[in-house]
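*Asks:* Here you go, this is protein-v7.txt (compact mmCIF, C-alpha atoms).
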# COMPACT_ATOMS: atom_id res chain seq x y z
CA MET A 1 -49.88 97.94 -1.84
CA ALA A 2 -52.64 97.50 -4.33
CA ASN A 3 -54.25 100.92 -4.68
CA PHE A 4 -54.24 102.04 -8.24
CA ILE A 5 -56.61 103.51 -10.76
CA LEU A 6 -56.80 102.88 -14.48
CA ARG A 7 -57.86 105.81 -16.63
CA THR A 8 -57.74 107.11 -20.18
CA ALA A 9 -54.54 109.10 -20.76
CA GLU A 10 -54.80 112.88 -21.04
CA PRO A 11 -52.49 115.36 -22.81
CA LYS A 12 -50.69 116.05 -19.52
CA ASP A 13 -49.63 112.39 -19.38
CA VAL A 14 -47.39 112.47 -22.50
CA CYS A 15 -44.25 113.06 -20.45
CA ASP A 16 -44.95 109.97 -18.31
CA ILE A 17 -45.95 107.93 -21.36
CA LEU A 18 -42.65 108.74 -23.09
CA ARG A 19 -40.73 107.88 -19.94
CA LEU A 20 -42.46 104.48 -19.75
CA ILE A 21 -41.95 103.87 -23.49
CA LYS A 22 -38.21 104.39 -22.98
CA GLU A 23 -38.16 102.10 -19.95
CA LEU A 24 -39.84 99.34 -21.95
CA ALA A 25 -37.46 99.89 -24.87
CA LYS A 26 -34.54 99.60 -22.42
CA PHE A 27 -35.94 96.26 -21.23
CA GLU A 28 -36.01 95.16 -24.89
CA GLU A 29 -32.42 96.41 -25.27
CA MET A 30 -33.54 98.91 -27.91
CA GLU A 31 -33.53 102.21 -26.00
CA GLU A 32 -31.62 104.14 -28.67
CA GLN A 33 -34.35 103.30 -31.21
CA VAL A 34 -36.91 105.54 -29.48
CA ILE A 35 -36.91 108.74 -31.54
CA LEU A 36 -40.47 109.79 -30.72
CA THR A 37 -40.80 113.09 -28.81
CA GLU A 38 -43.40 114.41 -26.36
CA LYS A 39 -44.55 116.88 -29.01
CA GLU A 40 -45.24 114.09 -31.51
CA LEU A 41 -47.02 112.00 -28.87
CA LEU A 42 -49.20 115.02 -28.08
CA GLU A 43 -50.06 115.80 -31.71
CA ASP A 44 -50.57 112.19 -32.69
CA GLY A 45 -52.62 111.11 -29.70
CA PHE A 46 -54.66 114.18 -28.87
CA GLY A 47 -55.21 115.96 -32.18
CA ASP A 48 -58.19 115.83 -34.55
CA HIS A 49 -57.38 112.35 -35.75
CA PRO A 50 -55.72 110.33 -33.00
CA PHE A 51 -53.30 107.67 -34.22
CA TYR A 52 -53.42 105.86 -30.89
CA HIS A 53 -55.32 105.55 -27.62
CA CYS A 54 -53.73 105.12 -24.24
CA LEU A 55 -54.63 103.81 -20.79
CA VAL A 56 -52.49 104.69 -17.78
CA ALA A 57 -52.32 103.26 -14.27
CA GLU A 58 -51.75 105.69 -11.43
CA VAL A 59 -50.97 105.11 -7.76
CA PRO A 60 -51.75 107.54 -4.89
CA SER A 61 -49.09 110.13 -4.01
CA ASP A 62 -47.99 108.22 -0.90
CA GLN A 63 -47.05 105.25 -3.10
CA ARG A 64 -45.10 107.23 -5.69
CA THR A 65 -41.70 106.01 -6.88
CA SER A 66 -38.44 107.26 -5.42
CA GLU A 67 -38.23 109.75 -8.33
CA GLY A 68 -41.73 110.95 -7.53
CA TYR A 69 -43.73 109.27 -10.32
CA THR A 70 -47.36 108.26 -9.78
CA VAL A 71 -48.08 107.10 -13.36
CA ILE A 72 -46.56 103.64 -13.23
CA ALA A 73 -48.01 101.67 -16.18
CA PHE A 74 -49.48 102.22 -19.61
CA ALA A 75 -51.03 100.46 -22.56
CA MET A 76 -51.13 101.98 -26.03
CA TYR A 77 -53.57 100.63 -28.61
CA TYR A 78 -55.35 101.52 -31.84
CA PHE A 79 -57.96 100.05 -34.12
CA THR A 80 -57.01 98.04 -37.18
CA TYR A 81 -59.02 96.21 -39.83
CA ASP A 82 -59.21 92.65 -41.04
CA PRO A 83 -61.00 92.46 -44.41
CA TRP A 84 -62.46 89.08 -43.42
CA ILE A 85 -63.92 89.96 -40.03
CA GLY A 86 -63.77 93.73 -39.60
CA LYS A 87 -62.51 95.86 -36.73
CA LEU A 88 -59.72 94.68 -34.46
CA LEU A 89 -58.04 96.21 -31.44
CA TYR A 90 -54.25 96.23 -31.77
CA LEU A 91 -52.23 96.42 -28.57
CA GLU A 92 -48.99 98.24 -29.43
CA ASP A 93 -47.27 98.61 -26.06
CA PHE A 94 -48.07 97.35 -22.60
CA TYR A 95 -45.80 97.99 -19.61
CA VAL A 96 -45.88 98.05 -15.81
CA MET A 97 -42.88 99.46 -13.91
CA GLU A 98 -40.93 96.64 -12.30
CA GLN A 99 -41.52 97.64 -8.66
CA PHE A 100 -45.31 97.61 -9.27
CA ARG A 101 -45.57 94.15 -10.77
CA GLY A 102 -47.31 91.23 -9.11
CA PHE A 103 -50.26 93.33 -7.93
CA GLY A 104 -52.64 92.57 -10.76
CA ILE A 105 -52.15 95.86 -12.60
CA GLY A 106 -51.21 94.17 -15.88
CA SER A 107 -54.17 91.80 -15.61
CA GLN A 108 -56.57 94.66 -14.99
CA ILE A 109 -55.23 96.61 -17.95
CA LEU A 110 -55.72 93.60 -20.21
CA LYS A 111 -59.28 93.13 -18.96
CA VAL A 112 -60.16 96.79 -19.57
CA LEU A 113 -58.69 96.55 -23.06
CA SER A 114 -60.72 93.41 -23.74
CA GLU A 115 -63.87 95.16 -22.59
CA THR A 116 -63.05 98.09 -24.88
CA ALA A 117 -62.57 95.65 -27.75
CA VAL A 118 -65.90 93.93 -27.14
CA ARG A 119 -67.76 97.22 -26.58
CA THR A 120 -66.43 98.70 -29.84
CA ARG A 121 -67.40 95.60 -31.80
CA CYS A 122 -63.88 94.32 -32.40
CA SER A 123 -63.61 90.66 -33.31
CA SER A 124 -60.28 90.21 -31.60
CA MET A 125 -57.27 91.84 -29.99
CA HIS A 126 -53.92 91.41 -31.75
CA PHE A 127 -50.37 92.22 -30.69
CA ILE A 128 -46.81 91.09 -31.27
CA VAL A 129 -44.29 89.85 -28.79
CA ALA A 130 -40.65 88.91 -29.20
CA GLU A 131 -40.15 85.15 -29.07
CA ASN A 132 -37.42 85.44 -26.44
CA ASN A 133 -39.83 87.26 -24.10
CA LYS A 134 -40.94 84.01 -22.49
CA LYS A 135 -42.56 85.66 -19.44
CA SER A 136 -44.86 87.80 -21.60
CA ILE A 137 -45.73 84.90 -23.89
CA GLU A 138 -46.70 82.80 -20.84
CA PHE A 139 -48.74 85.71 -19.40
CA TYR A 140 -50.76 85.97 -22.62
CA LYS A 141 -51.08 82.25 -23.27
CA ARG A 142 -52.43 81.69 -19.74
CA ARG A 143 -55.23 84.05 -20.69
CA GLY A 144 -56.01 82.20 -23.91
CA ALA A 145 -53.91 83.99 -26.55
CA ALA A 146 -53.01 82.06 -29.71
CA ASP A 147 -49.56 82.42 -31.26
CA LEU A 148 -50.39 83.02 -34.93
CA SER A 149 -46.77 82.97 -36.07
CA TYR A 150 -46.43 79.50 -34.68
CA GLU A 151 -49.91 78.16 -35.49
CA GLU A 152 -50.60 79.81 -38.84
CA GLY A 153 -47.14 80.77 -40.10
CA TRP A 154 -47.60 84.55 -40.02
CA ARG A 155 -44.42 86.63 -40.33
CA LEU A 156 -44.08 90.35 -39.73
CA PHE A 157 -42.32 92.42 -42.42
CA ALA A 158 -41.25 96.04 -42.50
CA ILE A 159 -40.12 98.43 -45.25
CA ASP A 160 -38.25 101.41 -43.82
CA LYS A 161 -38.50 105.12 -44.63
CA GLU A 162 -35.61 105.20 -47.07
CA ARG A 163 -37.05 102.44 -49.20
CA LEU A 164 -40.53 103.99 -48.96
CA MET A 165 -39.18 107.26 -50.32
CA LYS A 166 -37.51 105.43 -53.19
CA MET A 167 -40.74 103.62 -54.02
CA SER A 168 -42.93 106.67 -53.82
CA ALA A 169 -40.59 108.68 -56.04
CA LYS A 170 -41.11 106.32 -58.99
CA MET B 1 -51.64 97.63 -70.29
CA ASN B 2 -53.45 100.77 -69.22
CA PHE B 3 -54.45 101.00 -65.60
CA LEU B 4 -55.36 103.71 -63.11
CA ILE B 5 -54.80 103.63 -59.36
CA ARG B 6 -56.99 105.78 -57.18
CA ALA B 7 -58.58 106.04 -53.75
CA ALA B 8 -61.59 103.74 -53.47
CA THR B 9 -65.07 105.22 -53.13
CA LYS B 10 -68.16 103.66 -51.53
CA ASN B 11 -69.16 102.40 -54.96
CA HIS B 12 -66.09 100.21 -55.10
CA CYS B 13 -67.03 98.17 -52.03
CA ARG B 14 -68.73 95.39 -53.99
CA ASP B 15 -65.60 94.91 -56.13
CA ILE B 16 -63.37 95.08 -53.06
CA ALA B 17 -65.48 92.45 -51.28
CA ARG B 18 -65.26 90.24 -54.38
CA MET B 19 -61.48 90.51 -54.47
CA ILE B 20 -61.14 89.98 -50.69
CA THR B 21 -62.88 86.64 -51.23
CA GLU B 22 -60.60 85.82 -54.19
CA LEU B 23 -57.53 86.50 -52.03
CA ALA B 24 -58.97 84.38 -49.21
CA VAL B 25 -59.46 81.52 -51.69
CA TYR B 26 -55.78 81.82 -52.67
CA GLU B 27 -54.84 81.64 -48.96
CA LYS B 28 -57.14 78.59 -48.61
CA MET B 29 -59.24 80.42 -45.99
CA GLN B 30 -62.43 81.38 -47.86
CA ASP B 31 -64.70 80.09 -45.09
CA GLN B 32 -63.19 82.69 -42.77
CA VAL B 33 -64.55 85.69 -44.68
CA LYS B 34 -67.41 87.04 -42.58
CA ILE B 35 -67.87 90.60 -43.79
CA SER B 36 -69.65 91.90 -46.86
CA SER B 37 -69.63 95.11 -48.93
CA GLY B 38 -72.10 96.66 -46.44
CA GLU B 39 -69.62 96.49 -43.56
CA LEU B 40 -66.82 97.78 -45.81
CA GLU B 41 -68.96 100.80 -46.67
CA ARG B 42 -69.77 101.42 -43.03
CA ASP B 43 -66.23 100.99 -41.71
CA GLY B 44 -64.22 102.55 -44.55
CA PHE B 45 -66.30 105.58 -45.36
CA CYS B 46 -67.43 106.90 -41.98
CA GLN B 47 -66.09 110.01 -40.28
CA ASN B 48 -63.08 108.24 -38.74
CA PRO B 49 -62.54 105.37 -41.17
CA PHE B 50 -61.00 102.16 -39.86
CA PHE B 51 -59.17 101.53 -43.11
CA GLN B 52 -58.16 103.19 -46.37
CA CYS B 53 -58.27 101.53 -49.76
CA LEU B 54 -56.80 102.02 -53.21
CA VAL B 55 -58.21 100.32 -56.30
CA ALA B 56 -56.64 99.58 -59.68
CA GLU B 57 -58.93 99.95 -62.68
CA VAL B 58 -58.55 99.05 -66.37
CA PRO B 59 -60.49 100.55 -69.29
CA GLN B 60 -63.65 98.77 -70.48
CA GLU B 61 -61.91 97.24 -73.50
CA GLN B 62 -59.45 95.49 -71.16
CA LYS B 63 -62.05 94.20 -68.67
CA SER B 64 -61.64 90.72 -67.15
CA LYS B 65 -63.23 87.64 -68.71
CA ASP B 66 -66.10 88.06 -66.21
CA GLY B 67 -66.53 91.72 -67.13
CA PHE B 68 -64.77 93.44 -64.20
CA THR B 69 -62.76 96.64 -64.62
CA VAL B 70 -61.67 96.90 -60.96
CA VAL B 71 -58.79 94.42 -60.99
CA GLY B 72 -56.67 95.08 -57.90
CA TYR B 73 -56.77 96.69 -54.46
CA ALA B 74 -54.61 97.66 -51.51
CA LEU B 75 -56.24 97.97 -48.10
CA TYR B 76 -54.21 99.73 -45.42
CA PHE B 77 -54.50 101.72 -42.20
CA TYR B 78 -52.38 103.89 -39.94
CA THR B 79 -50.70 102.41 -36.89
CA TYR B 80 -48.34 103.80 -34.28
CA SER B 81 -44.89 102.85 -33.12
CA THR B 82 -43.92 104.07 -29.67
CA TRP B 83 -40.34 104.25 -30.92
CA LYS B 84 -40.83 106.05 -34.21
CA GLY B 85 -44.38 107.38 -34.47
CA ARG B 86 -46.76 107.13 -37.41
CA SER B 87 -46.63 103.98 -39.53
CA VAL B 88 -48.67 102.47 -42.33
CA TYR B 89 -49.83 98.89 -42.16
CA LEU B 90 -50.60 97.18 -45.45
CA GLU B 91 -53.30 94.67 -44.64
CA ASP B 92 -54.15 93.34 -48.13
CA LEU B 93 -52.59 93.75 -51.58
CA TYR B 94 -54.13 91.82 -54.43
CA VAL B 95 -54.16 91.81 -58.23
CA MET B 96 -56.43 89.43 -60.14
CA PRO B 97 -54.27 86.64 -61.67
CA GLU B 98 -55.11 87.54 -65.30
CA PHE B 99 -53.80 91.11 -64.73
CA ARG B 100 -50.49 90.27 -63.08
CA GLU B 101 -47.04 91.02 -64.50
CA ASN B 102 -48.20 94.46 -65.68
CA GLY B 103 -46.82 96.58 -62.83
CA ILE B 104 -50.20 96.94 -61.07
CA GLY B 105 -48.99 95.40 -57.78
CA LYS B 106 -45.94 97.62 -57.80
CA GLY B 107 -48.16 100.62 -58.62
CA LEU B 108 -50.45 99.88 -55.69
CA LEU B 109 -47.57 99.40 -53.25
CA SER B 110 -45.81 102.58 -54.43
CA THR B 111 -49.01 104.58 -54.04
CA VAL B 112 -49.48 103.31 -50.47
CA ALA B 113 -45.85 104.32 -49.80
CA LYS B 114 -46.53 107.77 -51.30
CA VAL B 115 -49.66 108.31 -49.21
CA GLY B 116 -47.77 107.16 -46.14
CA LYS B 117 -44.95 109.57 -46.86
CA GLU B 118 -47.42 112.45 -47.32
CA ASN B 119 -48.77 111.66 -43.84
CA GLN B 120 -45.29 111.60 -42.24
CA CYS B 121 -45.20 107.83 -41.79
CA VAL B 122 -41.78 106.40 -41.03
CA ARG B 123 -42.37 102.84 -42.12
CA LEU B 124 -44.73 100.40 -43.78
CA GLN B 125 -45.43 97.04 -42.18
CA LEU B 126 -47.24 93.96 -43.37
CA ALA B 127 -47.60 90.29 -42.53
CA MET B 128 -47.64 87.24 -44.71
CA ARG B 129 -47.65 83.50 -44.41
CA ASN B 130 -44.32 81.73 -44.42
CA TRP B 131 -45.42 79.59 -47.41
CA ASN B 132 -46.29 82.58 -49.62
CA THR B 133 -43.02 82.64 -51.58
CA PRO B 134 -44.21 84.81 -54.51
CA ALA B 135 -45.30 87.52 -52.03
CA ARG B 136 -42.07 87.25 -50.04
CA ASP B 137 -40.02 87.63 -53.25
CA PHE B 138 -42.13 90.61 -54.36
CA TYR B 139 -41.63 92.49 -51.08
CA ALA B 140 -38.00 91.42 -50.59
CA ALA B 141 -37.19 93.01 -53.96
CA LYS B 142 -38.56 96.30 -52.55
CA GLY B 143 -36.40 96.04 -49.42
CA ALA B 144 -38.80 94.46 -46.93
CA GLN B 145 -37.16 92.76 -43.96
CA ASP B 146 -38.63 89.71 -42.29
CA LEU B 147 -38.76 90.84 -38.66
CA THR B 148 -40.06 87.48 -37.47
CA VAL B 149 -36.80 85.92 -38.64
CA SER B 150 -34.41 88.78 -37.85
CA GLU B 151 -35.91 90.00 -34.55
CA GLY B 152 -38.10 87.09 -33.41
CA TRP B 153 -41.45 88.92 -33.45
CA HIS B 154 -44.53 86.71 -33.20
CA PHE B 155 -48.16 87.67 -33.81
CA LEU B 156 -50.56 86.82 -31.00
CA ARG B 157 -54.32 87.04 -30.84
CA PHE B 158 -57.17 86.97 -28.31
CA ASP B 159 -60.53 86.28 -29.92
CA GLY B 160 -63.95 84.70 -29.49
CA GLU B 161 -64.61 83.17 -26.11
CA CYS B 162 -61.30 84.07 -24.49
CA LEU B 163 -61.75 87.75 -25.43
CA ASP B 164 -65.29 87.68 -24.02
CA ASN B 165 -64.09 86.01 -20.82
CA LEU B 166 -61.36 88.59 -20.31
CA ALA B 167 -63.82 91.41 -20.96
CA LYS B 168 -66.29 90.09 -18.38
CA GLU B 169 -63.65 90.38 -15.69
CA ALA B 170 -63.01 94.08 -16.31
CA PRO B 171 -63.84 96.31 -13.33
CA HIS B 172 -67.07 98.28 -13.47
CA ASP B 173 -67.46 101.82 -12.11
Just dump the structure as structure tokens.
*Replies:*
Amino acid sequence: MANFILRTAEPKDVCDILRLIKELAKFEEMEEQVILTEKELLEDGFGDHPFYHCLVAEVPSDQRTSEGYTVIAFAMYYFTYDPWIGKLLYLEDFYVMEQFRGFGIGSQILKVLSETAVRTRCSSMHFIVAENNKKSIEFYKRRGAADLSYEEGWRLFAIDKERLMKMSAK
Amino acid sequence: MNFLIRAATKNHCRDIARMITELAVYEKMQDQVKISSGELERDGFCQNPFFQCLVAEVPQEQKSKDGFTVVGYALYFYTYSTWKGRSVYLEDLYVMPEFRENGIGKGLLSTVAKVGKENQCVRLQLAMRNWNTPARDFYAAKGAQDLTVSEGWHFLRFDGECLDNLAKEAPHD
């Protein structure tokens, strides 16, 4: 095997994208946390102001999965901003179905994303990864990624909806 | 103290750039600031802006010792969670030291939360250094959870030469 194409996701891909999001969440043992729907993915990714961009990897029909899927990987990203250096590309999710790993699909996706970053004048590509995901950390470090939590002491914080509503009501 | 929080306009970019540098000095990273008010104008006020910004202003009679009336800012943008959808990311929040303890920081954060809520955002995220105890206390009081500690999330980055090298290997049509 090794035939695959990488392309920009289209509205018709939202069903596959949601399926892959749930598979990745299952791998992270957080499947029940996915509350996003196909409708939201469609509105948010393909409306007037897209909140994200998506690449998908597709295999030919004769290499489809046992359930009949040909879209077998995806990467979701968006642009963020660093007030010191300007535009950045933020990689939100990146996943290749297990049976299609080891064929360079992940590497190719990362290269295309890097090219997108450089072409759109981004100074760097950022993302987060769970510290127990050793395989992913090794994958990224082999390609030159720096762990900013470790090297510069950065910690990620979140304030959830309930607290946001309390704050905004004041 | 009287202050007003509102959406920044192009005219605020010089003040925002000034305060970005002040915040970088506090974080001991001033040599890392590479952009100027020109880039802020270009990137924040184009058709599809890359960031949004709020500024806090005081009346003339309360201006800073150097004569500034724009005394705080919050720079944020929209992100996306594949689990929950639209989110807000607070990139910078800063109030000039002589104007602190007057509720301006809280006002800025609440306004970002309000804007986020109006745009159906389900959460607000931010990052800070582990040594920044005043910031951690400020956000913890508002209910922020440290996901690096509780869930083990680490920030990673590709930049400079390694980003260029990766990009060169991308397939061409």
*Asks:* Give me, as CSV, each residue of chain A that comes within 6 Å of chain B, together with its shortest interatomic pair and the distance in Å at one decimal, counting only C-alpha atoms, with rows ordered by chain and rising residue number.
*Replies:*
residue,atom,partner,partner_atom,distance
A:Val34,CA,B:Trp83,CA,3.9
A:Ile35,CA,B:Lys84,CA,5.5
A:Leu36,CA,B:Lys84,CA,5.1
A:Trp84,CA,B:Val33,CA,4.2
A:Ile85,CA,B:Lys34,CA,5.2
A:Lys111,CA,B:Ala170,CA,4.7
A:Val112,CA,B:Ala170,CA,5.1
A:Ser114,CA,B:Ala167,CA,4.6
A:Glu115,CA,B:Ala167,CA,4.1
A:Ser124,CA,B:Asp159,CA,4.3
A:Met125,CA,B:Phe158,CA,5.2
A:His126,CA,B:Arg157,CA,4.5
A:Phe127,CA,B:Leu156,CA,5.4
A:Ile128,CA,B:Phe155,CA,4.5
A:Val129,CA,B:His154,CA,5.4
A:Ala130,CA,B:Trp153,CA,4.3
A:Glu131,CA,B:Gly152,CA,5.2
A:Gly144,CA,B:Cys162,CA,5.6
A:Ala145,CA,B:Phe158,CA,4.8
A:Ala146,CA,B:Arg157,CA,5.3
A:Asp147,CA,B:Leu156,CA,4.5
A:Leu148,CA,B:Phe155,CA,5.3
A:Ser149,CA,B:His154,CA,5.2
A:Gly153,CA,B:Arg129,CA,5.1
A:Trp154,CA,B:Arg129,CA,4.5
A:Arg155,CA,B:Thr148,CA,5.3
A:Leu156,CA,B:Ala127,CA,4.5
A:Phe157,CA,B:Asp146,CA,4.6
A:Ala158,CA,B:Gln125,CA,4.3
A:Ile159,CA,B:Ala144,CA,4.5
A:Asp160,CA,B:Arg123,CA,4.7
A:Lys161,CA,B:Val122,CA,5.0
A:Leu164,CA,B:Ala113,CA,5.4
A:Met167,CA,B:Ser110,CA,5.2
A:Ser168,CA,B:Lys114,CA,4.5
*Asks:* What is the distance between CA of Phe138 (chain B) and CA of Leu108 (chain B), in Å to one decimal?
*Replies:*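 Between these atoms lies a distance of 12.5 Å.
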*Asks:* Find the distance between CA of Cys13 (chain B) and CA of Met165 (chain A) and write it in Å to one decimal.
*Replies:* 29.3 Å
*Asks:* Could you pull the residues within 12 Å of Val70 (chain B), counting only C-alpha atoms, minus those fewer than 3 positions along the same chain, as a PyMOL selection string?
*Replies:* chain B and resi 3-6+8-9+11-19+54-60+62-64+66-67+73-74+94-96+99+104
*Asks:* Taking only C-alpha atoms into account, which of A:Ser107, A:Tyr69, A:Val14, A:Ala57 comes nearest Thr37 (chain A)?
*Replies:*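 Of A:Ser107, A:Tyr69, A:Val14, A:Ala57, the one nearest Thr37 (chain A), counting only C-alpha atoms, is A:Val14.
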*Asks:* Hey, can you check how far CA of Asp16 (chain A) sits from CA of Thr70 (chain A)?
*Replies:* 9.0 Å
*Asks:* With distances taken over all atoms listed in the file, which residue among A:Glu67, A:Ser136, A:Tyr81, A:Phe46 lies nearest Phe94 (chain A)?
*Replies:*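 Closest candidate: A:Ser136.
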*Asks:* For His53 (chain A), find every residue with an atom within 10 Å (counting only C-alpha atoms), except residues of its own chain fewer than 5 positions away, and show them as a list of chain:residue names.
*Replies:*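 Contacts, in chain order: A:Thr8, A:Ala9, A:Glu10, A:Asp44, A:Gly45, A:Phe46, A:Ala75, A:Met76, A:Tyr77, A:Tyr78, A:Phe79, A:Leu91, A:Glu92, B:Tyr80.
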*Asks:* Kindly indicate which residue among A:Tyr52, A:Val71, A:Asp93, A:Leu42 lies nearest to Ile21 (chain A), using only C-alpha atoms for the distances.
*Replies:*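 Selected residue with least distance to Ile21 (chain A): A:Asp93.
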